[in-house]
>>> print(open('run_15.txt').read())   # compact mmCIF, C-alpha atoms
# COMPACT_ATOMS: atom_id res chain seq x y z
CA MET A 1 0.00 0.00 0.00
CA ILE A 2 1.25 3.49 -0.86
CA GLU A 3 -0.14 6.49 1.01
CA ARG A 4 0.59 10.09 0.00
CA GLY A 5 -0.40 13.18 1.94
CA GLY A 6 -0.25 16.95 1.54
CA GLY A 7 -1.72 19.24 -1.08
CA MET A 8 -5.48 19.22 -1.57
CA GLY A 9 -6.14 15.67 -0.35
CA ARG A 10 -4.87 12.20 0.40
CA VAL A 11 -4.46 9.16 -1.79
CA VAL A 12 -4.26 5.52 -0.68
CA ASP A 13 -3.06 3.24 -3.46
CA ARG A 14 -3.38 -0.52 -2.97
CA CYS A 15 -2.81 -1.50 -6.58
CA ASP A 16 -0.73 -4.67 -6.81
CA PRO A 17 0.07 -5.50 -10.45
CA GLY A 18 1.58 -8.86 -9.50
CA CYS A 19 -1.56 -9.90 -7.61
CA ARG A 20 -3.81 -8.73 -10.46
CA ALA A 21 -1.75 -10.74 -12.93
CA TRP A 22 -2.08 -13.87 -10.77
CA ILE A 23 -5.86 -13.40 -10.44
CA SER A 24 -6.16 -12.91 -14.20
CA GLU A 25 -4.28 -16.13 -14.87
CA ALA A 26 -6.32 -17.99 -12.21
CA ILE A 27 -9.60 -16.88 -13.80
CA ARG A 28 -8.30 -18.00 -17.20
CA LYS A 29 -7.55 -21.47 -15.78
CA VAL A 30 -11.00 -21.80 -14.22
CA GLU A 31 -12.76 -20.64 -17.39
CA ALA A 32 -10.60 -22.95 -19.47
CA ASP A 33 -11.86 -25.85 -17.38
CA ALA A 34 -15.43 -24.88 -18.32
CA ASN A 35 -14.43 -24.52 -21.98
CA ARG A 36 -12.97 -28.05 -21.98
CA SER A 37 -16.12 -29.54 -20.51
CA ALA A 38 -18.97 -30.28 -22.89
CA ASP A 39 -22.49 -29.62 -21.62
CA THR A 40 -24.03 -32.42 -19.55
CA HIS A 41 -26.41 -34.89 -21.16
CA LEU A 42 -30.20 -34.85 -20.89
CA HIS A 43 -31.32 -38.50 -20.75
CA VAL A 44 -34.81 -39.76 -21.46
CA PHE A 45 -36.13 -41.92 -18.62
CA PRO A 46 -38.33 -44.75 -19.97
CA LEU A 47 -42.02 -44.12 -19.24
CA PRO A 48 -44.92 -45.82 -21.06
CA PRO A 49 -45.43 -43.76 -24.25
CA GLU A 50 -49.22 -43.82 -23.90
CA TRP A 51 -48.95 -41.64 -20.80
CA GLY A 52 -48.06 -38.60 -22.93
CA ILE A 53 -45.51 -37.51 -20.35
CA ASP A 54 -41.75 -37.36 -20.85
CA LEU A 55 -39.25 -37.52 -17.98
CA TYR A 56 -35.70 -36.24 -18.50
CA LEU A 57 -32.65 -36.64 -16.28
CA LYS A 58 -30.00 -33.92 -16.53
CA ASP A 59 -26.81 -35.89 -15.89
CA GLU A 60 -24.58 -33.71 -13.72
CA SER A 61 -22.47 -36.73 -12.74
CA VAL A 62 -20.40 -36.38 -15.94
CA HIS A 63 -18.64 -33.20 -14.79
CA PRO A 64 -14.87 -33.60 -14.22
CA THR A 65 -15.43 -34.03 -10.47
CA GLY A 66 -18.51 -36.19 -10.88
CA SER A 67 -21.35 -34.08 -9.50
CA LEU A 68 -23.65 -31.08 -9.85
CA LYS A 69 -21.39 -29.27 -7.37
CA HIS A 70 -18.71 -28.82 -10.05
CA ARG A 71 -20.80 -25.95 -11.46
CA LEU A 72 -21.13 -24.39 -8.01
CA ALA A 73 -17.45 -24.75 -7.16
CA ARG A 74 -16.45 -23.08 -10.43
CA SER A 75 -18.83 -20.18 -9.77
CA LEU A 76 -17.62 -19.78 -6.17
CA PHE A 77 -13.98 -19.66 -7.26
CA LEU A 78 -14.71 -17.10 -9.97
CA TYR A 79 -16.71 -15.05 -7.45
CA GLY A 80 -13.91 -15.18 -4.88
CA LEU A 81 -11.25 -14.32 -7.44
CA ALA A 82 -13.22 -11.43 -8.95
CA ASN A 83 -13.89 -10.04 -5.46
CA GLY A 84 -10.20 -10.20 -4.56
CA TRP A 85 -10.84 -12.66 -1.74
CA ILE A 86 -8.67 -15.41 -3.26
CA ARG A 87 -4.99 -14.67 -3.89
CA GLU A 88 -1.84 -16.57 -4.70
CA ASP A 89 -1.19 -17.66 -1.11
CA THR A 90 -4.82 -18.13 0.08
CA THR A 91 -5.84 -21.32 1.88
CA ILE A 92 -9.39 -22.24 0.84
CA ILE A 93 -11.75 -23.45 3.58
CA GLU A 94 -15.22 -24.87 2.93
CA ALA A 95 -18.08 -26.28 5.00
CA SER A 96 -19.61 -29.16 3.08
CA SER A 97 -21.37 -32.50 3.20
CA GLY A 98 -18.87 -33.78 0.66
CA SER A 99 -19.50 -33.17 -3.03
CA THR A 100 -18.86 -29.41 -3.03
CA ALA A 101 -15.63 -30.08 -1.16
CA VAL A 102 -14.56 -32.62 -3.79
CA SER A 103 -15.13 -30.08 -6.56
CA GLU A 104 -13.48 -27.22 -4.69
CA ALA A 105 -10.45 -29.40 -3.93
CA TYR A 106 -10.15 -29.93 -7.69
CA PHE A 107 -10.17 -26.19 -8.43
CA ALA A 108 -7.83 -25.42 -5.54
CA ARG A 109 -5.33 -27.90 -6.96
CA LEU A 110 -5.80 -26.33 -10.40
CA LEU A 111 -4.69 -22.99 -8.91
CA GLY A 112 -2.02 -24.42 -6.62
CA LEU A 113 -3.86 -23.45 -3.42
CA PRO A 114 -4.20 -25.41 -0.15
CA PHE A 115 -7.71 -26.68 0.59
CA VAL A 116 -9.42 -27.81 3.81
CA ALA A 117 -12.93 -29.33 3.86
CA VAL A 118 -14.88 -29.09 7.12
CA MET A 119 -17.43 -31.90 7.05
CA PRO A 120 -19.60 -34.07 9.30
CA ALA A 121 -17.86 -37.22 10.54
CA SER A 122 -20.64 -39.21 8.83
CA THR A 123 -19.50 -38.12 5.32
CA SER A 124 -19.04 -41.14 3.07
CA PRO A 125 -15.47 -42.49 2.94
CA GLU A 126 -15.59 -42.38 -0.86
CA LYS A 127 -15.98 -38.58 -0.80
CA ILE A 128 -13.19 -38.17 1.75
CA GLU A 129 -10.89 -40.22 -0.49
CA LEU A 130 -11.74 -38.02 -3.50
CA ILE A 131 -10.97 -34.83 -1.56
CA GLU A 132 -7.60 -36.26 -0.60
CA PHE A 133 -7.01 -37.45 -4.17
CA TYR A 134 -7.27 -33.82 -5.32
CA GLY A 135 -4.80 -32.74 -2.65
CA GLY A 136 -7.29 -31.45 -0.10
CA ARG A 137 -7.50 -32.17 3.61
CA SER A 138 -10.63 -33.29 5.46
CA HIS A 139 -11.42 -31.79 8.86
CA LEU A 140 -14.25 -33.88 10.35
CA VAL A 141 -16.60 -32.75 13.13
CA ASP A 142 -19.04 -34.85 15.16
CA ASP A 143 -21.81 -32.22 15.26
CA PRO A 144 -22.86 -31.18 11.70
CA THR A 145 -24.21 -27.85 12.97
CA THR A 146 -20.68 -26.74 13.93
CA ILE A 147 -19.20 -26.86 10.43
CA TYR A 148 -19.83 -23.14 9.83
CA ASP A 149 -18.17 -21.88 13.02
CA GLU A 150 -15.32 -24.36 12.65
CA SER A 151 -14.71 -23.20 9.08
CA ARG A 152 -14.57 -19.56 10.19
CA ARG A 153 -12.18 -20.47 13.02
CA LEU A 154 -9.81 -22.31 10.67
CA ALA A 155 -9.91 -19.44 8.16
CA ARG A 156 -9.04 -16.93 10.88
CA GLU A 157 -6.19 -19.05 12.20
CA CYS A 158 -4.49 -19.54 8.84
CA GLY A 159 -5.48 -16.24 7.22
CA GLY A 160 -7.44 -18.18 4.62
CA HIS A 161 -10.76 -17.64 2.86
CA PHE A 162 -13.97 -19.39 3.95
CA MET A 163 -15.84 -19.93 0.66
CA ASP A 164 -19.21 -20.28 2.50
CA GLN A 165 -21.23 -21.95 -0.23
CA PHE A 166 -24.38 -21.74 1.88
CA THR A 167 -24.29 -17.94 1.80
CA TYR A 168 -22.89 -17.24 -1.66
CA ALA A 169 -24.33 -20.01 -3.86
CA GLU A 170 -27.30 -18.00 -5.12
CA ARG A 171 -25.29 -14.85 -5.86
CA ALA A 172 -22.17 -16.45 -7.35
CA THR A 173 -24.11 -17.95 -10.30
CA ASP A 174 -25.41 -15.75 -13.11
CA TRP A 175 -29.11 -16.70 -13.00
CA ARG A 176 -29.90 -14.81 -16.24
CA GLY A 177 -27.97 -17.25 -18.40
CA ASN A 178 -24.30 -17.57 -19.34
CA ASN A 179 -24.80 -21.33 -19.81
CA ASN A 180 -26.06 -21.91 -16.29
CA ILE A 181 -27.94 -25.14 -15.59
CA ALA A 182 -31.36 -23.59 -16.25
CA GLU A 183 -30.42 -22.18 -19.66
CA SER A 184 -28.83 -25.52 -20.54
CA ILE A 185 -32.01 -27.45 -19.69
CA PHE A 186 -34.30 -25.24 -21.78
CA GLU A 187 -31.89 -25.21 -24.73
CA GLN A 188 -31.61 -29.01 -24.71
CA LEU A 189 -35.40 -29.37 -24.63
CA ARG A 190 -35.85 -27.02 -27.60
CA LEU A 191 -36.50 -29.82 -30.15
CA GLU A 192 -38.53 -32.09 -27.85
CA ARG A 193 -42.30 -32.51 -28.16
CA PHE A 194 -42.85 -30.61 -24.90
CA PRO A 195 -40.01 -28.05 -24.96
CA GLU A 196 -41.31 -26.05 -21.98
CA PRO A 197 -41.43 -28.49 -19.08
CA SER A 198 -44.40 -28.61 -16.75
CA TRP A 199 -42.09 -29.16 -13.78
CA ILE A 200 -38.41 -29.03 -12.94
CA VAL A 201 -37.58 -31.02 -9.79
CA VAL A 202 -34.49 -30.36 -7.67
CA GLY A 203 -33.33 -30.74 -4.09
CA ALA A 204 -31.96 -27.97 -1.91
CA GLY A 205 -28.61 -28.05 -0.16
CA THR A 206 -27.36 -24.51 -0.41
CA GLY A 207 -30.50 -23.49 -2.30
CA GLY A 208 -28.38 -22.15 -5.15
CA THR A 209 -29.65 -24.50 -7.88
CA SER A 210 -33.32 -23.93 -7.07
CA ALA A 211 -32.75 -20.16 -6.90
CA THR A 212 -31.03 -20.17 -10.32
CA ILE A 213 -33.74 -22.27 -12.00
CA GLY A 214 -36.64 -20.39 -10.40
CA ARG A 215 -35.24 -16.97 -11.30
CA TYR A 216 -34.34 -18.00 -14.84
CA ALA A 217 -37.82 -19.40 -15.56
CA ARG A 218 -39.41 -16.15 -14.43
CA PHE A 219 -36.87 -13.98 -16.25
CA ARG A 220 -37.52 -15.85 -19.51
CA ARG A 221 -41.31 -15.80 -18.90
CA PHE A 222 -41.67 -19.59 -18.91
CA GLN A 223 -44.65 -21.07 -17.07
CA THR A 224 -42.58 -24.02 -15.87
CA ARG A 225 -43.14 -24.73 -12.19
CA LEU A 226 -40.32 -25.50 -9.77
CA ALA A 227 -40.69 -28.32 -7.25
CA VAL A 228 -38.09 -28.68 -4.51
CA VAL A 229 -37.80 -32.05 -2.81
CA ASP A 230 -36.52 -32.15 0.75
CA PRO A 231 -35.39 -35.16 2.82
CA GLU A 232 -36.67 -35.84 6.30
CA GLY A 233 -34.70 -34.09 9.03
CA SER A 234 -34.17 -30.96 6.92
CA ALA A 235 -35.26 -27.49 7.97
CA PHE A 236 -36.22 -26.30 4.48
CA PHE A 237 -39.62 -28.00 4.14
CA GLY A 238 -40.94 -26.83 7.50
CA SER A 239 -39.72 -23.31 6.85
CA PHE A 240 -41.45 -23.25 3.45
CA ALA A 241 -44.67 -24.54 5.01
CA ASP A 242 -44.91 -22.05 7.86
CA GLY A 243 -42.69 -19.18 6.70
CA ASP A 244 -40.29 -19.48 9.63
CA ALA A 245 -36.86 -18.54 8.24
CA GLU A 246 -35.26 -19.30 11.62
CA ARG A 247 -36.44 -22.90 11.75
CA THR A 248 -33.89 -25.56 12.66
CA ALA A 249 -33.95 -29.36 12.36
CA PRO A 250 -31.72 -32.36 13.13
CA GLY A 251 -30.24 -32.46 9.59
CA SER A 252 -30.37 -34.93 6.72
CA ARG A 253 -29.04 -38.42 6.12
CA ILE A 254 -29.21 -37.79 2.37
CA GLU A 255 -25.85 -36.19 1.60
CA GLY A 256 -25.85 -33.05 -0.53
CA ILE A 257 -29.39 -31.91 0.23
CA GLY A 258 -31.33 -30.90 3.31
CA ARG A 259 -29.87 -28.75 6.08
CA PRO A 260 -30.24 -28.35 9.84
CA ARG A 261 -30.96 -24.63 9.32
CA VAL A 262 -32.45 -22.48 6.56
CA GLU A 263 -29.42 -21.38 4.56
CA PRO A 264 -29.00 -17.77 3.32
CA SER A 265 -28.99 -18.94 -0.33
CA PHE A 266 -32.40 -20.66 -0.03
CA LEU A 267 -34.97 -18.55 -1.90
CA PRO A 268 -38.51 -19.81 -1.14
CA THR A 269 -40.24 -17.13 -3.22
CA VAL A 270 -39.22 -18.78 -6.52
CA ILE A 271 -40.43 -22.26 -5.47
CA ASP A 272 -43.92 -23.43 -6.51
CA ARG A 273 -44.10 -26.62 -4.46
CA MET A 274 -42.05 -28.48 -1.87
CA ILE A 275 -42.28 -32.23 -1.33
CA GLN A 276 -40.92 -33.90 1.79
CA VAL A 277 -39.45 -37.32 1.01
CA PRO A 278 -38.71 -40.07 3.57
CA ASP A 279 -35.09 -41.23 3.57
CA ALA A 280 -36.12 -44.82 2.83
CA ALA A 281 -38.05 -43.56 -0.21
CA SER A 282 -35.00 -41.61 -1.44
CA ILE A 283 -32.76 -44.67 -1.25
CA ALA A 284 -35.40 -46.92 -2.78
CA ALA A 285 -35.76 -44.48 -5.68
CA MET A 286 -31.97 -44.34 -6.05
CA ARG A 287 -31.87 -48.11 -6.53
CA TRP A 288 -35.01 -48.16 -8.68
CA THR A 289 -33.53 -45.55 -11.03
CA ALA A 290 -30.48 -47.76 -11.56
CA GLU A 291 -32.75 -50.78 -12.04
CA VAL A 292 -34.85 -49.10 -14.75
CA SER A 293 -32.33 -46.83 -16.49
CA GLY A 294 -29.04 -48.68 -15.95
CA ARG A 295 -27.54 -45.49 -14.48
CA ASP A 296 -25.94 -45.75 -11.05
CA VAL A 297 -27.07 -42.67 -9.10
CA GLY A 298 -26.70 -41.23 -5.61
CA GLY A 299 -29.17 -40.65 -2.79
CA SER A 300 -30.13 -37.07 -3.66
CA THR A 301 -31.01 -38.22 -7.17
CA GLY A 302 -33.30 -40.76 -5.53
CA THR A 303 -35.01 -37.92 -3.66
CA ASN A 304 -35.47 -36.12 -6.98
CA MET A 305 -36.92 -39.21 -8.62
CA TRP A 306 -39.44 -39.87 -5.87
CA GLY A 307 -40.68 -36.29 -6.22
CA ALA A 308 -40.80 -36.55 -10.02
CA ALA A 309 -42.85 -39.75 -9.80
CA GLU A 310 -45.35 -38.05 -7.44
CA LEU A 311 -45.73 -35.12 -9.83
CA ILE A 312 -46.16 -37.37 -12.87
CA SER A 313 -48.81 -39.37 -11.01
CA GLY A 314 -50.68 -36.13 -10.32
CA MET A 315 -50.41 -35.08 -13.97
CA ARG A 316 -51.92 -38.39 -15.07
CA THR A 317 -54.76 -38.07 -12.58
CA ARG A 318 -55.60 -34.66 -14.05
CA GLY A 319 -55.21 -35.88 -17.65
CA GLU A 320 -52.25 -33.58 -18.34
CA ARG A 321 -49.55 -34.13 -20.93
CA GLY A 322 -46.09 -32.56 -20.80
CA SER A 323 -42.54 -33.02 -19.65
CA VAL A 324 -40.76 -33.19 -16.29
CA VAL A 325 -37.03 -32.61 -15.76
CA THR A 326 -34.89 -33.57 -12.80
CA LEU A 327 -31.18 -34.04 -12.09
CA ILE A 328 -28.71 -36.86 -11.67
CA CYS A 329 -26.71 -35.08 -8.99
CA ASP A 330 -23.87 -37.60 -8.70
CA GLY A 331 -23.07 -41.29 -9.12
CA GLY A 332 -23.91 -44.12 -6.77
CA GLU A 333 -20.28 -45.20 -6.51
CA ARG A 334 -19.80 -42.48 -3.89
CA TYR A 335 -22.21 -44.27 -1.57
CA ALA A 336 -21.19 -47.91 -1.87
CA HIS A 337 -20.60 -48.17 1.89
CA THR A 338 -23.78 -46.29 2.86
CA TYR A 339 -26.87 -46.12 0.65
CA GLY A 340 -25.64 -49.01 -1.47
CA SER A 341 -25.09 -51.27 1.55
CA ASP A 342 -27.94 -53.36 2.96
CA ALA A 343 -26.01 -53.67 6.21
CA TRP A 344 -25.81 -49.88 6.52
CA LEU A 345 -29.54 -49.56 5.87
CA ALA A 346 -30.30 -52.11 8.58
CA GLY A 347 -28.06 -50.24 11.00
CA GLN A 348 -29.98 -47.05 10.25
CA GLY A 349 -33.34 -48.76 10.67
CA LEU A 350 -34.31 -48.05 7.06
CA ASP A 351 -36.66 -50.43 5.25
CA ILE A 352 -36.76 -49.56 1.56
CA ALA A 353 -38.82 -52.57 0.42
CA PRO A 354 -42.27 -50.91 0.65
CA TYR A 355 -41.07 -47.90 -1.32
CA LEU A 356 -39.45 -50.06 -3.97
CA ALA A 357 -42.76 -51.84 -4.39
CA VAL A 358 -44.57 -48.51 -4.85
CA LEU A 359 -42.09 -47.40 -7.53
CA ARG A 360 -42.24 -50.69 -9.41
CA ASP A 361 -46.03 -50.49 -9.45
CA PHE A 362 -45.83 -46.86 -10.59
CA LEU A 363 -44.40 -47.90 -13.98
CA LYS A 364 -47.34 -50.27 -14.41
CA THR A 365 -50.18 -48.12 -13.14
CA GLY A 366 -48.89 -44.55 -13.28
CA GLU A 367 -50.11 -44.06 -9.72
CA MET A 368 -48.25 -43.02 -6.58
CA PRO A 369 -49.60 -42.41 -3.06
CA ALA A 370 -51.93 -39.43 -2.97
CA GLU A 371 -50.15 -36.09 -3.39
CA ARG A 372 -49.55 -34.41 -0.04
>>> encode(input="run_15.txt", output="structure tokens")
Amino acid sequence: MIERGGGMGRVVDRCDPGCRAWISEAIRKVEADANRSADTHLHVFPLPPEWGIDLYLKDESVHPTGSLKHRLARSLFLYGLANGWIREDTTIIEASSGSTAVSEAYFARLLGLPFVAVMPASTSPEKIELIEFYGGRSHLVDDPTTIYDESRRLARECGGHFMDQFTYAERATDWRGNNNIAESIFEQLRLERFPEPSWIVVGAGTGGTSATIGRYARFRRFQTRLAVVDPEGSAFFGSFADGDAERTAPGSRIEGIGRPRVEPSFLPTVIDRMIQVPDAASIAAMRWTAEVSGRDVGGSTGTNMWGAAELISGMRTRGERGSVVTLICDGGERYAHTYGSDAWLAGQGLDIAPYLAVLRDFLKTGEMPAER
């Protein structure tokens, strides 16, 4: 910093050409990663053609780090770099349930920066291994509600930057377009028989994806409705139902979605419907999706699929035709020791058999339990 006094006034000059050059090169590297990555696929999920309803799965598992959170991590890094929060010697700290930390570890390594993920001790071992593969370090806590304060403490101690995805997710992404996930979905549907979907179904972790899709649909004047599915134990559904933004809850067993508090990035005003999904139903739908489509998916995708099936059942009851879109958030290989393990399910007291039966019957009858 250079400070000059005297004359008619004072000047404080903090210009650092070397720092600006490093930030410029870092942004180039992050944008180059996006340029190398083709858009994610939109798969058709097999439904009986006579229903007149098409279900599409936006496959976010094909990103370089294997999940929807790759988009978020890229946006958060660009946001931090453009704001001057991330510099050449900055240690990156993030509070996460796993997948965002995997993706941020990837970008931190790309820029040569240290990375620490603060996560619940229950995070799947597969995610922890991926974070370490990308050169990051996992800092595990027993109480999931402490990950925010612990992240701030670590950032203060090392002079690092707490990325804080739960605060900045909805503002780091350009919701008006710029190849965000919403623009991608509508562009890929352009030549389909129902190009403007009746429903888009997503879960909420930070709330950033639902905020982006809800804003974009309104901005572009689409009549598409946004349904947010929420696992049991999450604070989002109860807050949406009664308008209590301070609501808390135990937290979610479905990694990547659901939170013990209502996060700052959660934007209820752009959501048309919320559906609360039992954990056993989420895991049953995860396995059913693999059974029907041949695509190995994670637990949050199962939550999406249960919600999509409920909405499609309601459309059939009302005699509606149209399309529904949801997301493959990540692959099932990340949950081999948890959701993919019958022993783990038994230990959690989860019985998925009744829900599997409902889903298998759904493809025959088109009916799900009455909409709630």
>>> atom_distance(input="run_15.txt", atom1="CA of Leu81 (chain A)", atom2="CA of Ser24 (chain A)")
8.6 Å
>>> residues_around(input="run_15.txt", residues="Ser122 (chain A)", least_positions_apart="3", cutoff="12 Å", atoms="all atoms listed in the file", output="list in words")
Ser96, Ser97, Gly98, Val118, Met119, Pro125, Glu126, Lys127, Ile128, His139, Leu140, Val141, Asp142, Asp143, Pro144, Gly251, Ser252, Arg253, Ile254, Glu255, Tyr335, His337 and Thr338 of chain A
>>> write_last_selection(input="run_15.txt", atoms="C-alpha atoms", output="PDB file, in the coordinates of the input")
ATOM      1  CA  SER A  96     -19.610 -29.160   3.080  1.00  0.00           C
ATOM      2  CA  SER A  97     -21.370 -32.500   3.200  1.00  0.00           C
ATOM      3  CA  GLY A  98     -18.870 -33.780   0.660  1.00  0.00           C
ATOM      4  CA  VAL A 118     -14.880 -29.090   7.120  1.00  0.00           C
ATOM      5  CA  MET A 119     -17.430 -31.900   7.050  1.00  0.00           C
ATOM      6  CA  PRO A 125     -15.470 -42.490   2.940  1.00  0.00           C
ATOM      7  CA  GLU A 126     -15.590 -42.380  -0.860  1.00  0.00           C
ATOM      8  CA  LYS A 127     -15.980 -38.580  -0.800  1.00  0.00           C
ATOM      9  CA  ILE A 128     -13.190 -38.170   1.750  1.00  0.00           C
ATOM     10  CA  HIS A 139     -11.420 -31.790   8.860  1.00  0.00           C
ATOM     11  CA  LEU A 140     -14.250 -33.880  10.350  1.00  0.00           C
ATOM     12  CA  VAL A 141     -16.600 -32.750  13.130  1.00  0.00           C
ATOM     13  CA  ASP A 142     -19.040 -34.850  15.160  1.00  0.00           C
ATOM     14  CA  ASP A 143     -21.810 -32.220  15.260  1.00  0.00           C
ATOM     15  CA  PRO A 144     -22.860 -31.180  11.700  1.00  0.00           C
ATOM     16  CA  GLY A 251     -30.240 -32.460   9.590  1.00  0.00           C
ATOM     17  CA  SER A 252     -30.370 -34.930   6.720  1.00  0.00           C
ATOM     18  CA  ARG A 253     -29.040 -38.420   6.120  1.00  0.00           C
ATOM     19  CA  ILE A 254     -29.210 -37.790   2.370  1.00  0.00           C
ATOM     20  CA  GLU A 255     -25.850 -36.190   1.600  1.00  0.00           C
ATOM     21  CA  TYR A 335     -22.210 -44.270  -1.570  1.00  0.00           C
ATOM     22  CA  HIS A 337     -20.600 -48.170   1.890  1.00  0.00           C
ATOM     23  CA  THR A 338     -23.780 -46.290   2.860  1.00  0.00           C
TER      24      THR A 338
END
>>> closest_residue(input="run_15.txt", among="A:Leu345, A:Thr365, A:Ile312, A:Glu263", to="Asp279 (chain A)", atoms="only C-alpha atoms")
A:Leu345
>>> closest_residue(input="run_15.txt", among="A:Glu320, A:Glu187, A:Asp296, A:Glu170", to="Thr206 (chain A)", atoms="all atoms listed in the file")
A:Glu170
>>> residues_around(input="run_15.txt", residues="region 59-61 of chain A", least_positions_apart="4", cutoff="10 Å", atoms="only C-alpha atoms", output="list in words")
Asp39, Thr40, His41, Leu42, His43, Thr65, Gly66, Ser67, Leu68, Lys69, His70, Arg71, Ile181, Arg295, Asp296, Val297, Gly298, Thr301, Thr326, Leu327, Ile328, Cys329, Asp330, Gly331 and Gly332 of chain A
>>> closest_residue(input="run_15.txt", among="A:Glu94, A:Val116, A:Arg137, A:Ile86", to="Asp149 (chain A)", atoms="all atoms listed in the file")
A:Glu94
